[in-house]
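Visitor: You'll find model_28.cif just under this line, and it carries mmCIF, C-alpha atoms.
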data_final
loop_
_atom_site.label_atom_id
_atom_site.label_comp_id
_atom_site.auth_asym_id
_atom_site.auth_seq_id
_atom_site.Cartn_x
_atom_site.Cartn_y
_atom_site.Cartn_z
CA MET A 1 0.00 0.00 0.00
CA LYS A 2 1.33 3.41 -0.99
CA TYR A 3 1.13 6.33 1.34
CA ILE A 4 1.26 9.26 -1.06
CA GLU A 5 0.97 12.00 1.57
CA ILE A 6 3.48 10.39 3.87
CA ASN A 7 5.94 9.92 1.02
CA HIS A 8 5.42 13.56 0.06
CA TYR A 9 6.08 14.60 3.67
CA LEU A 10 9.28 12.54 3.77
CA GLU A 11 10.47 13.99 0.45
CA GLU A 12 9.96 17.51 1.81
CA LEU A 13 11.75 16.65 5.04
CA GLU A 14 14.63 15.19 3.04
CA LEU A 15 14.89 18.44 1.10
CA VAL A 16 15.06 20.48 4.31
CA LEU A 17 17.66 18.12 5.74
CA ASN A 18 19.72 18.37 2.58
CA VAL A 19 22.45 20.23 4.47
CA LEU A 20 23.17 17.16 6.61
CA PRO A 21 25.53 14.35 5.60
CA LYS A 22 23.62 11.64 3.69
CA LYS A 23 24.07 9.05 6.44
CA ASP A 24 22.55 11.34 9.09
CA ARG A 25 19.78 12.42 6.75
CA ASP A 26 18.83 8.81 5.91
CA ASN A 27 18.91 7.95 9.58
CA GLN A 28 16.47 10.73 10.45
CA ILE A 29 14.15 9.90 7.56
CA LEU A 30 14.11 6.20 8.50
CA GLU A 31 13.04 7.10 12.01
CA VAL A 32 10.29 9.56 11.02
CA ARG A 33 9.00 7.12 8.41
CA ASP A 34 8.72 4.38 11.02
CA HIS A 35 6.86 6.78 13.34
CA LEU A 36 4.33 7.80 10.68
CA LEU A 37 3.72 4.21 9.51
CA GLN A 38 3.33 2.97 13.08
CA SER A 39 0.74 5.64 13.72
CA ILE A 40 -1.19 4.50 10.63
CA GLN A 41 -0.95 0.86 11.74
CA GLU A 42 -2.59 1.90 14.99
CA GLY A 43 -5.65 3.08 13.09
CA ASN A 44 -5.02 6.72 12.18
CA THR A 45 -5.52 8.10 8.68
CA GLU A 46 -2.68 9.74 6.76
CA ASP A 47 -4.36 13.10 7.30
CA GLU A 48 -4.63 12.63 11.05
CA VAL A 49 -1.08 11.41 11.34
CA LEU A 50 0.38 14.32 9.42
CA LYS A 51 -1.83 16.91 11.13
CA SER A 52 -0.54 15.99 14.56
CA PHE A 53 3.06 15.80 13.31
CA LEU A 54 5.41 18.79 13.08
CA SER A 55 5.65 20.20 9.57
CA PRO A 56 8.71 19.06 7.59
CA GLN A 57 10.06 22.62 7.80
CA GLU A 58 9.65 22.85 11.58
CA LEU A 59 11.03 19.39 12.29
CA GLY A 60 13.87 19.80 9.78
CA LYS A 61 14.82 23.15 11.33
CA GLU A 62 14.93 21.69 14.85
CA ILE A 63 16.96 18.68 13.76
CA ILE A 64 19.45 20.89 11.90
CA LEU A 65 19.74 23.10 14.98
CA GLU A 66 20.79 20.09 17.05
CA TYR A 67 23.41 19.13 14.47
CA GLN A 68 24.68 22.72 14.38
CA LYS A 69 25.09 22.70 18.17
CA LEU A 70 26.94 19.43 17.89
CA TYR A 71 29.30 20.70 15.18
CA LYS A 72 29.79 24.01 16.99
CA PHE A 73 30.75 22.12 20.13
CA SER A 74 33.31 19.97 18.32
CA ASN A 75 34.65 23.06 16.51
CA ASP A 76 34.97 24.88 19.83
CA GLU A 77 36.87 21.90 21.19
CA GLY A 78 39.12 22.08 18.15
CA ASN A 79 39.63 25.81 18.67
CA GLU A 80 40.48 25.17 22.28
CA LEU A 81 43.13 22.68 21.21
CA ASN A 82 44.49 25.14 18.64
CA LEU A 83 44.59 27.79 21.32
CA LYS A 84 46.58 25.49 23.60
CA GLU A 85 49.00 24.72 20.77
CA LYS A 86 49.36 28.43 20.04
CA ASN A 87 49.99 29.18 23.72
CA ASN A 88 52.68 26.48 23.87
CA PHE A 89 54.29 27.89 20.74
CA ALA A 90 54.26 31.40 22.20
CA LYS A 91 55.80 30.10 25.44
CA LYS A 92 58.62 28.40 23.50
CA ILE A 93 59.34 31.62 21.59
CA ILE A 94 59.45 33.67 24.80
CA ILE A 95 61.81 31.18 26.49
CA THR A 96 64.13 31.14 23.43
CA PHE A 97 64.10 34.96 23.37
CA ILE A 98 65.01 35.15 27.09
CA VAL A 99 67.85 32.63 26.63
CA ILE A 100 69.25 34.66 23.68
CA ILE A 101 69.06 37.92 25.68
CA LEU A 102 70.86 36.26 28.64
CA LEU A 103 73.60 34.94 26.30
CA ILE A 104 74.09 38.41 24.84
CA ILE A 105 74.29 39.92 28.34
CA PHE A 106 76.92 37.33 29.39
CA LEU A 107 78.92 37.95 26.23
CA VAL A 108 78.86 41.74 26.65
CA LEU A 109 79.64 41.46 30.35
CA GLY A 110 82.47 39.00 29.63
CA THR A 111 83.98 41.23 26.98
CA PHE A 112 83.62 44.26 29.23
CA LEU A 113 85.31 42.54 32.19
CA THR A 114 88.17 41.22 30.03
CA ASN A 115 88.78 44.68 28.59
CA LYS A 116 88.69 46.19 32.07
CA ASN A 117 91.27 43.68 33.37
CA ASN A 118 93.51 44.42 30.39
CA SER A 119 93.35 48.16 30.96
CA ILE A 120 94.10 47.68 34.70
CA ASN A 121 97.13 45.56 33.80
CA GLU A 122 98.24 48.17 31.27
CA SER A 123 97.99 50.98 33.80
CA ASP A 124 99.86 48.88 36.39
CA ASP A 125 102.65 48.35 33.83
CA LYS A 126 102.67 52.10 33.14
CA ILE A 127 102.99 52.95 36.83
CA GLU A 128 105.78 50.41 37.25
CA TYR A 129 107.60 51.86 34.24
CA GLU A 130 107.25 55.42 35.56
CA GLU A 131 108.47 54.39 39.01
CA GLN A 132 111.54 52.71 37.44
CA LYS A 133 112.19 55.91 35.49
CA ILE A 134 112.03 58.04 38.63
CA ASN A 135 114.40 55.73 40.49
CA GLU A 136 116.87 55.99 37.65
CA MET B 1 9.29 38.24 29.13
CA ASN B 2 10.99 36.48 26.25
CA ASN B 3 13.80 35.59 28.59
CA LEU B 4 11.29 34.15 31.06
CA ASN B 5 9.64 32.10 28.32
CA ASN B 6 13.04 30.90 27.27
CA GLN B 7 13.87 29.89 30.84
CA ASN B 8 10.55 28.05 31.11
CA SER B 9 11.16 26.21 27.89
CA GLN B 10 14.72 25.35 29.02
CA LEU B 11 13.32 24.01 32.30
CA LEU B 12 10.69 21.97 30.47
CA LYS B 13 13.29 20.64 28.04
CA GLY B 14 15.41 19.50 30.99
CA LEU B 15 12.42 17.72 32.58
CA PHE B 16 11.44 16.26 29.25
CA GLU B 17 14.92 14.82 28.79
CA LEU B 18 14.86 13.41 32.30
CA ALA B 19 11.48 11.74 31.68
CA ILE B 20 12.82 10.14 28.48
CA LEU B 21 15.92 8.86 30.27
CA ILE B 22 13.83 7.38 33.09
CA MET B 23 11.60 5.59 30.58
CA LEU B 24 14.64 4.23 28.74
CA GLU B 25 16.06 2.99 32.02
CA LYS B 26 13.25 0.43 32.08
CA LYS B 27 13.79 -0.86 28.53
CA PRO B 28 15.01 0.22 25.09
CA MET B 29 12.27 2.09 23.22
CA TYR B 30 11.67 3.70 19.82
CA GLY B 31 10.53 7.25 19.06
CA TYR B 32 6.84 6.55 18.51
CA GLU B 33 6.63 4.48 21.68
CA LEU B 34 8.31 7.19 23.78
CA THR B 35 6.02 9.88 22.34
CA LYS B 36 2.96 7.75 23.12
CA TYR B 37 3.96 7.29 26.77
CA LEU B 38 4.81 10.95 27.19
CA LYS B 39 1.47 12.02 25.71
CA GLU B 40 -0.43 9.55 27.90
CA SER B 41 1.19 11.04 30.99
CA LYS B 42 -0.64 14.33 30.24
CA VAL B 43 2.20 16.18 31.99
CA PHE B 44 4.02 16.97 28.77
CA SER B 45 2.15 18.36 25.82
CA ILE B 46 4.33 17.66 22.82
CA SER B 47 3.75 17.70 19.11
CA ASP B 48 4.42 14.44 17.33
CA GLY B 49 7.92 14.52 15.94
CA SER B 50 9.38 17.02 18.41
CA ILE B 51 10.94 14.17 20.36
CA TYR B 52 13.47 13.47 17.57
CA PRO B 53 15.67 16.57 17.98
CA ILE B 54 15.74 15.81 21.73
CA LEU B 55 16.71 12.19 21.12
CA LYS B 56 19.43 13.45 18.80
CA ARG B 57 20.77 15.65 21.60
CA LEU B 58 20.68 12.82 24.14
CA THR B 59 22.54 10.58 21.69
CA ALA B 60 25.13 13.27 20.94
CA ASN B 61 25.76 13.67 24.68
CA ASP B 62 26.23 9.89 25.03
CA LEU B 63 23.34 9.65 27.48
CA VAL B 64 21.65 7.12 25.19
CA ASP B 65 22.79 5.00 22.28
CA THR B 66 20.86 3.45 19.42
CA PHE B 67 20.47 0.20 17.55
CA LEU B 68 18.39 -0.88 14.58
CA LYS B 69 15.99 -3.82 14.55
CA GLU B 70 13.75 -5.03 11.79
CA TYR B 71 10.04 -4.65 12.34
CA GLU B 72 7.47 -5.74 9.75
CA GLY B 73 9.80 -5.29 6.82
CA ARG B 74 11.21 -1.92 7.89
CA MET B 75 14.07 -0.89 10.11
CA ARG B 76 13.23 0.56 13.50
CA LYS B 77 15.62 2.63 15.57
CA TYR B 78 15.68 1.85 19.28
CA TYR B 79 17.19 3.98 22.03
CA ARG B 80 18.76 2.53 25.16
CA ILE B 81 20.26 4.18 28.19
CA THR B 82 24.05 4.33 28.69
CA ASN B 83 26.02 4.41 31.95
CA LEU B 84 26.35 8.16 31.54
CA GLY B 85 22.58 8.36 31.11
CA GLU B 86 22.04 6.50 34.38
CA ILE B 87 24.40 8.88 36.17
CA GLU B 88 22.51 11.79 34.62
CA ILE B 89 19.21 10.44 36.03
CA THR B 90 20.69 10.30 39.53
CA ASN B 91 22.19 13.78 39.29
CA LYS B 92 19.16 15.43 37.70
CA SER B 93 16.75 13.74 40.13
CA ARG B 94 18.78 14.98 43.11
CA GLU B 95 18.86 18.47 41.63
CA LEU B 96 15.11 18.37 41.12
CA GLU B 97 14.53 17.14 44.69
CA ARG B 98 16.63 20.02 46.03
CA ILE B 99 14.63 22.53 43.99
CA ILE B 100 11.31 21.08 45.18
CA GLU B 101 12.56 21.06 48.78
CA TYR B 102 13.60 24.70 48.42
CA LEU B 103 10.22 25.65 46.97
CA LYS B 104 8.45 23.85 49.83
CA ASN B 105 10.60 25.72 52.35
CA ILE B 106 9.90 29.16 50.92
CA LYS B 107 6.22 28.28 50.71
CA GLY B 108 6.39 27.36 54.42
CA LEU B 109 7.94 30.75 55.18
CA GLU B 110 5.07 32.51 53.45
CA ASN B 111 2.49 30.72 55.62
#
How does this structure look as structure tokens?
Guide:
Amino acid sequence: MKYIEINHYLEELELVLNVLPKKDRDNQILEVRDHLLQSIQEGNTEDEVLKSFLSPQELGKEIILEYQKLYKFSNDEGNELNLKEKNNFAKKIIITFIVIILLIIFLVLGTFLTNKNNSINESDDKIEYEEQKINE
Amino acid sequence: MNNLNNQNSQLLKGLFELAILIMLEKKPMYGYELTKYLKESKVFSISDGSIYPILKRLTANDLVDTFLKEYEGRMRKYYRITNLGEIEITNKSRELERIIEYLKNIKGLEN
């Protein structure tokens, strides 16, 4: 037995759910189809069944909304992971930068101290030389 | 006012979900069957079909899972409760009891 109105309803619902992956769409249609047919088996007419059922637009919209929430949630989780990765990357850059700055400071300080020691030694030599000259 | 309506509908949705979980705790059920029981209870007035987005949400949150079984030449999707779903029933029921207790207390204060 063909249920023209029910088939029409399901076709419309399928069109609304067109944005969903085929597997999810088929899954939803299978379930709604079973509901409508069960209602008919329990003695209701096609008209009665469809009148008490949400319109394909309303039902489709609500189902899509649930999928959107689901995808948004998984995207947010993905963003959170990306954010963590970015934070770790930023931390590594800061640590490398600090290490480089410290190396530069040590190098400058080292060079400065060596130069200072040299100039002290030079002036000591000069004093010694001048003292020798005076004694002569 | 819109906000209040929204809160009401959120509250009802929460109770609706809890009722579905409690029914599924007894045995696996399919959409039509769940709708029928909910309508018979006369507590929840729902349009036929509006249970499916809710079942989708419960499935996505791993509170229920699904399996297919053949029935009179067509496939039927059944929902059954998961361990997480059982925990959710305990938590939500406790929460609800606390709210009811609180409401009773403030009602007592008024008298």
Visitor: In Å, rounded to a single decimal, give me how far atom CA of Tyr102 of chain B is from atom CA of Leu24 of chain B.
Guide: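 According to the coordinates, atom CA of Leu24 of chain B and atom CA of Tyr102 of chain B are separated by 28.4 Å.
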Visitor: Assuming the chain letters and numbering stay as they are in my file, what does the PyMOL selection byres ((chain A) within 12 of (chain B)) actually select? List them as a PyMOL selection string.
Guide: chain A and resi 13+24+26-42+48-71+73-74
Visitor: Kindly give the distance, in Å, that separates atom CA of Leu96 of chain B and atom CA of Leu18 of chain B, rounded to a single decimal.
Guide: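 Atom-to-atom, atom CA of Leu96 of chain B and atom CA of Leu18 of chain B are spaced 10.1 Å apart.
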Visitor: Extract, using all atoms listed in the file, all DNA, RNA and protein residues at most 8 Å from Asp65 of chain B, discarding same-chain residues fewer than 2 positions from it, and format them as JSON, numbers by chain.
Guide: {"B": [59, 62, 63, 67, 79, 80, 81, 82]}
Visitor: To one decimal in Å, tell me the separation between atom CA of Glu17 of chain B and atom CA of Leu15 of chain A.
Guide: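 According to the coordinates, atom CA of Glu17 of chain B and atom CA of Leu15 of chain A are separated by 27.9 Å.
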Visitor: Taking (19.0, 10.7, 35.8) in the file's coordinates, which residues come within 10 Å, counting only C-alpha atoms, written as a PDB file with C-alpha atoms, in the coordinates of the input?
Guide:
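In the end it all went to out32.pdb:
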ATOM      1  CA  GLU B  17      14.920  14.820  28.790  1.00  0.00           C
ATOM      2  CA  LEU B  18      14.860  13.410  32.300  1.00  0.00           C
ATOM      3  CA  ALA B  19      11.480  11.740  31.680  1.00  0.00           C
ATOM      4  CA  ILE B  20      12.820  10.140  28.480  1.00  0.00           C
ATOM      5  CA  LEU B  21      15.920   8.860  30.270  1.00  0.00           C
ATOM      6  CA  ILE B  22      13.830   7.380  33.090  1.00  0.00           C
ATOM      7  CA  GLU B  25      16.060   2.990  32.020  1.00  0.00           C
ATOM      8  CA  LEU B  63      23.340   9.650  27.480  1.00  0.00           C
ATOM      9  CA  LEU B  84      26.350   8.160  31.540  1.00  0.00           C
ATOM     10  CA  GLY B  85      22.580   8.360  31.110  1.00  0.00           C
ATOM     11  CA  GLU B  86      22.040   6.500  34.380  1.00  0.00           C
ATOM     12  CA  ILE B  87      24.400   8.880  36.170  1.00  0.00           C
ATOM     13  CA  GLU B  88      22.510  11.790  34.620  1.00  0.00           C
ATOM     14  CA  ILE B  89      19.210  10.440  36.030  1.00  0.00           C
ATOM     15  CA  THR B  90      20.690  10.300  39.530  1.00  0.00           C
ATOM     16  CA  ASN B  91      22.190  13.780  39.290  1.00  0.00           C
ATOM     17  CA  LYS B  92      19.160  15.430  37.700  1.00  0.00           C
ATOM     18  CA  SER B  93      16.750  13.740  40.130  1.00  0.00           C
ATOM     19  CA  ARG B  94      18.780  14.980  43.110  1.00  0.00           C
ATOM     20  CA  GLU B  95      18.860  18.470  41.630  1.00  0.00           C
TER      21      GLU B  95
END
Visitor: From the block I gave, I'd like segment 34-66 of chain B written with N, CA, C and O atoms, as a PDB file, in the first residue's frame.
Guide:
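Below is the file that was written, part-v5.pdb:
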ATOM      1  N   LEU B  34       7.992   6.170  22.768  1.00  0.00           N
ATOM      2  CA  LEU B  34       8.310   7.190  23.778  1.00  0.00           C
ATOM      3  C   LEU B  34       7.288   8.326  23.733  1.00  0.00           C
ATOM      4  O   LEU B  34       6.778   8.775  24.766  1.00  0.00           O
ATOM      5  N   THR B  35       6.982   8.775  22.505  1.00  0.00           N
ATOM      6  CA  THR B  35       6.020   9.875  22.335  1.00  0.00           C
ATOM      7  C   THR B  35       4.667   9.485  22.927  1.00  0.00           C
ATOM      8  O   THR B  35       4.024  10.276  23.616  1.00  0.00           O
ATOM      9  N   LYS B  36       4.264   8.246  22.654  1.00  0.00           N
ATOM     10  CA  LYS B  36       2.965   7.753  23.122  1.00  0.00           C
ATOM     11  C   LYS B  36       2.896   7.795  24.653  1.00  0.00           C
ATOM     12  O   LYS B  36       1.931   8.308  25.220  1.00  0.00           O
ATOM     13  N   TYR B  37       3.940   7.292  25.304  1.00  0.00           N
ATOM     14  CA  TYR B  37       3.961   7.290  26.772  1.00  0.00           C
ATOM     15  C   TYR B  37       3.953   8.706  27.333  1.00  0.00           C
ATOM     16  O   TYR B  37       3.269   8.988  28.306  1.00  0.00           O
ATOM     17  N   LEU B  38       4.737   9.572  26.701  1.00  0.00           N
ATOM     18  CA  LEU B  38       4.811  10.953  27.191  1.00  0.00           C
ATOM     19  C   LEU B  38       3.459  11.655  27.052  1.00  0.00           C
ATOM     20  O   LEU B  38       3.039  12.402  27.933  1.00  0.00           O
ATOM     21  N   LYS B  39       2.775  11.380  25.938  1.00  0.00           N
ATOM     22  CA  LYS B  39       1.475  12.018  25.711  1.00  0.00           C
ATOM     23  C   LYS B  39       0.435  11.468  26.692  1.00  0.00           C
ATOM     24  O   LYS B  39      -0.408  12.211  27.186  1.00  0.00           O
ATOM     25  N   GLU B  40       0.524  10.173  26.958  1.00  0.00           N
ATOM     26  CA  GLU B  40      -0.427   9.554  27.896  1.00  0.00           C
ATOM     27  C   GLU B  40      -0.281  10.120  29.302  1.00  0.00           C
ATOM     28  O   GLU B  40      -1.242  10.182  30.056  1.00  0.00           O
ATOM     29  N   SER B  41       0.943  10.521  29.639  1.00  0.00           N
ATOM     30  CA  SER B  41       1.186  11.041  30.990  1.00  0.00           C
ATOM     31  C   SER B  41       0.420  12.340  31.244  1.00  0.00           C
ATOM     32  O   SER B  41       0.150  12.693  32.384  1.00  0.00           O
ATOM     33  N   LYS B  42       0.087  13.057  30.189  1.00  0.00           N
ATOM     34  CA  LYS B  42      -0.640  14.333  30.235  1.00  0.00           C
ATOM     35  C   LYS B  42       0.148  15.450  30.954  1.00  0.00           C
ATOM     36  O   LYS B  42      -0.349  16.536  31.172  1.00  0.00           O
ATOM     37  N   VAL B  43       1.369  15.145  31.363  1.00  0.00           N
ATOM     38  CA  VAL B  43       2.203  16.180  31.989  1.00  0.00           C
ATOM     39  C   VAL B  43       2.878  16.995  30.893  1.00  0.00           C
ATOM     40  O   VAL B  43       2.972  18.211  30.960  1.00  0.00           O
ATOM     41  N   PHE B  44       3.311  16.299  29.865  1.00  0.00           N
ATOM     42  CA  PHE B  44       4.016  16.967  28.770  1.00  0.00           C
ATOM     43  C   PHE B  44       3.116  17.045  27.545  1.00  0.00           C
ATOM     44  O   PHE B  44       2.614  16.012  27.087  1.00  0.00           O
ATOM     45  N   SER B  45       2.904  18.251  27.070  1.00  0.00           N
ATOM     46  CA  SER B  45       2.148  18.357  25.823  1.00  0.00           C
ATOM     47  C   SER B  45       3.159  18.563  24.703  1.00  0.00           C
ATOM     48  O   SER B  45       3.810  19.601  24.622  1.00  0.00           O
ATOM     49  N   ILE B  46       3.340  17.549  23.890  1.00  0.00           N
ATOM     50  CA  ILE B  46       4.330  17.662  22.816  1.00  0.00           C
ATOM     51  C   ILE B  46       3.692  17.337  21.466  1.00  0.00           C
ATOM     52  O   ILE B  46       2.780  16.515  21.377  1.00  0.00           O
ATOM     53  N   SER B  47       4.216  18.015  20.461  1.00  0.00           N
ATOM     54  CA  SER B  47       3.746  17.697  19.109  1.00  0.00           C
ATOM     55  C   SER B  47       4.458  16.433  18.669  1.00  0.00           C
ATOM     56  O   SER B  47       5.615  16.201  19.049  1.00  0.00           O
ATOM     57  N   ASP B  48       3.773  15.641  17.861  1.00  0.00           N
ATOM     58  CA  ASP B  48       4.422  14.443  17.330  1.00  0.00           C
ATOM     59  C   ASP B  48       5.634  14.867  16.507  1.00  0.00           C
ATOM     60  O   ASP B  48       5.545  15.788  15.699  1.00  0.00           O
ATOM     61  N   GLY B  49       6.712  14.214  16.725  1.00  0.00           N
ATOM     62  CA  GLY B  49       7.922  14.519  15.940  1.00  0.00           C
ATOM     63  C   GLY B  49       8.922  15.331  16.723  1.00  0.00           C
ATOM     64  O   GLY B  49      10.127  15.249  16.467  1.00  0.00           O
ATOM     65  N   SER B  50       8.442  16.132  17.710  1.00  0.00           N
ATOM     66  CA  SER B  50       9.382  17.023  18.405  1.00  0.00           C
ATOM     67  C   SER B  50      10.327  16.243  19.332  1.00  0.00           C
ATOM     68  O   SER B  50      11.274  16.812  19.873  1.00  0.00           O
ATOM     69  N   ILE B  51      10.043  14.975  19.504  1.00  0.00           N
ATOM     70  CA  ILE B  51      10.943  14.174  20.356  1.00  0.00           C
ATOM     71  C   ILE B  51      12.282  13.890  19.637  1.00  0.00           C
ATOM     72  O   ILE B  51      13.318  13.701  20.281  1.00  0.00           O
ATOM     73  N   TYR B  52      12.264  13.895  18.303  1.00  0.00           N
ATOM     74  CA  TYR B  52      13.466  13.471  17.570  1.00  0.00           C
ATOM     75  C   TYR B  52      14.679  14.388  17.740  1.00  0.00           C
ATOM     76  O   TYR B  52      15.789  13.877  17.931  1.00  0.00           O
ATOM     77  N   PRO B  53      14.496  15.719  17.709  1.00  0.00           N
ATOM     78  CA  PRO B  53      15.670  16.565  17.975  1.00  0.00           C
ATOM     79  C   PRO B  53      16.218  16.338  19.394  1.00  0.00           C
ATOM     80  O   PRO B  53      17.421  16.371  19.615  1.00  0.00           O
ATOM     81  N   ILE B  54      15.303  16.051  20.340  1.00  0.00           N
ATOM     82  CA  ILE B  54      15.740  15.814  21.729  1.00  0.00           C
ATOM     83  C   ILE B  54      16.511  14.499  21.818  1.00  0.00           C
ATOM     84  O   ILE B  54      17.562  14.417  22.468  1.00  0.00           O
ATOM     85  N   LEU B  55      16.006  13.486  21.125  1.00  0.00           N
ATOM     86  CA  LEU B  55      16.714  12.195  21.117  1.00  0.00           C
ATOM     87  C   LEU B  55      18.088  12.336  20.469  1.00  0.00           C
ATOM     88  O   LEU B  55      19.050  11.695  20.869  1.00  0.00           O
ATOM     89  N   LYS B  56      18.148  13.201  19.472  1.00  0.00           N
ATOM     90  CA  LYS B  56      19.434  13.455  18.803  1.00  0.00           C
ATOM     91  C   LYS B  56      20.425  14.052  19.812  1.00  0.00           C
ATOM     92  O   LYS B  56      21.590  13.667  19.860  1.00  0.00           O
ATOM     93  N   ARG B  57      19.914  14.994  20.604  1.00  0.00           N
ATOM     94  CA  ARG B  57      20.772  15.655  21.604  1.00  0.00           C
ATOM     95  C   ARG B  57      21.248  14.645  22.659  1.00  0.00           C
ATOM     96  O   ARG B  57      22.411  14.632  23.038  1.00  0.00           O
ATOM     97  N   LEU B  58      20.321  13.812  23.122  1.00  0.00           N
ATOM     98  CA  LEU B  58      20.684  12.818  24.138  1.00  0.00           C
ATOM     99  C   LEU B  58      21.733  11.848  23.591  1.00  0.00           C
ATOM    100  O   LEU B  58      22.659  11.448  24.296  1.00  0.00           O
ATOM    101  N   THR B  59      21.574  11.498  22.320  1.00  0.00           N
ATOM    102  CA  THR B  59      22.541  10.584  21.691  1.00  0.00           C
ATOM    103  C   THR B  59      23.906  11.268  21.568  1.00  0.00           C
ATOM    104  O   THR B  59      24.941  10.659  21.862  1.00  0.00           O
ATOM    105  N   ALA B  60      23.879  12.537  21.126  1.00  0.00           N
ATOM    106  CA  ALA B  60      25.135  13.274  20.938  1.00  0.00           C
ATOM    107  C   ALA B  60      25.881  13.429  22.257  1.00  0.00           C
ATOM    108  O   ALA B  60      27.106  13.460  22.278  1.00  0.00           O
ATOM    109  N   ASN B  61      25.128  13.515  23.359  1.00  0.00           N
ATOM    110  CA  ASN B  61      25.757  13.667  24.677  1.00  0.00           C
ATOM    111  C   ASN B  61      26.086  12.316  25.320  1.00  0.00           C
ATOM    112  O   ASN B  61      26.421  12.257  26.505  1.00  0.00           O
ATOM    113  N   ASP B  62      25.926  11.247  24.555  1.00  0.00           N
ATOM    114  CA  ASP B  62      26.231   9.886  25.025  1.00  0.00           C
ATOM    115  C   ASP B  62      25.390   9.448  26.219  1.00  0.00           C
ATOM    116  O   ASP B  62      25.816   8.594  26.999  1.00  0.00           O
ATOM    117  N   LEU B  63      24.217  10.053  26.372  1.00  0.00           N
ATOM    118  CA  LEU B  63      23.342   9.650  27.476  1.00  0.00           C
ATOM    119  C   LEU B  63      22.505   8.438  27.054  1.00  0.00           C
ATOM    120  O   LEU B  63      22.034   7.677  27.888  1.00  0.00           O
ATOM    121  N   VAL B  64      22.315   8.311  25.739  1.00  0.00           N
ATOM    122  CA  VAL B  64      21.648   7.121  25.188  1.00  0.00           C
ATOM    123  C   VAL B  64      22.429   6.676  23.951  1.00  0.00           C
ATOM    124  O   VAL B  64      23.169   7.464  23.376  1.00  0.00           O
ATOM    125  N   ASP B  65      22.263   5.411  23.589  1.00  0.00           N
ATOM    126  CA  ASP B  65      22.789   4.997  22.281  1.00  0.00           C
ATOM    127  C   ASP B  65      21.673   4.293  21.508  1.00  0.00           C
ATOM    128  O   ASP B  65      20.564   4.115  22.046  1.00  0.00           O
ATOM    129  N   THR B  66      21.939   3.956  20.271  1.00  0.00           N
ATOM    130  CA  THR B  66      20.858   3.448  19.422  1.00  0.00           C
ATOM    131  C   THR B  66      21.242   2.122  18.771  1.00  0.00           C
ATOM    132  O   THR B  66      22.425   1.801  18.645  1.00  0.00           O
TER     133      THR B  66
END
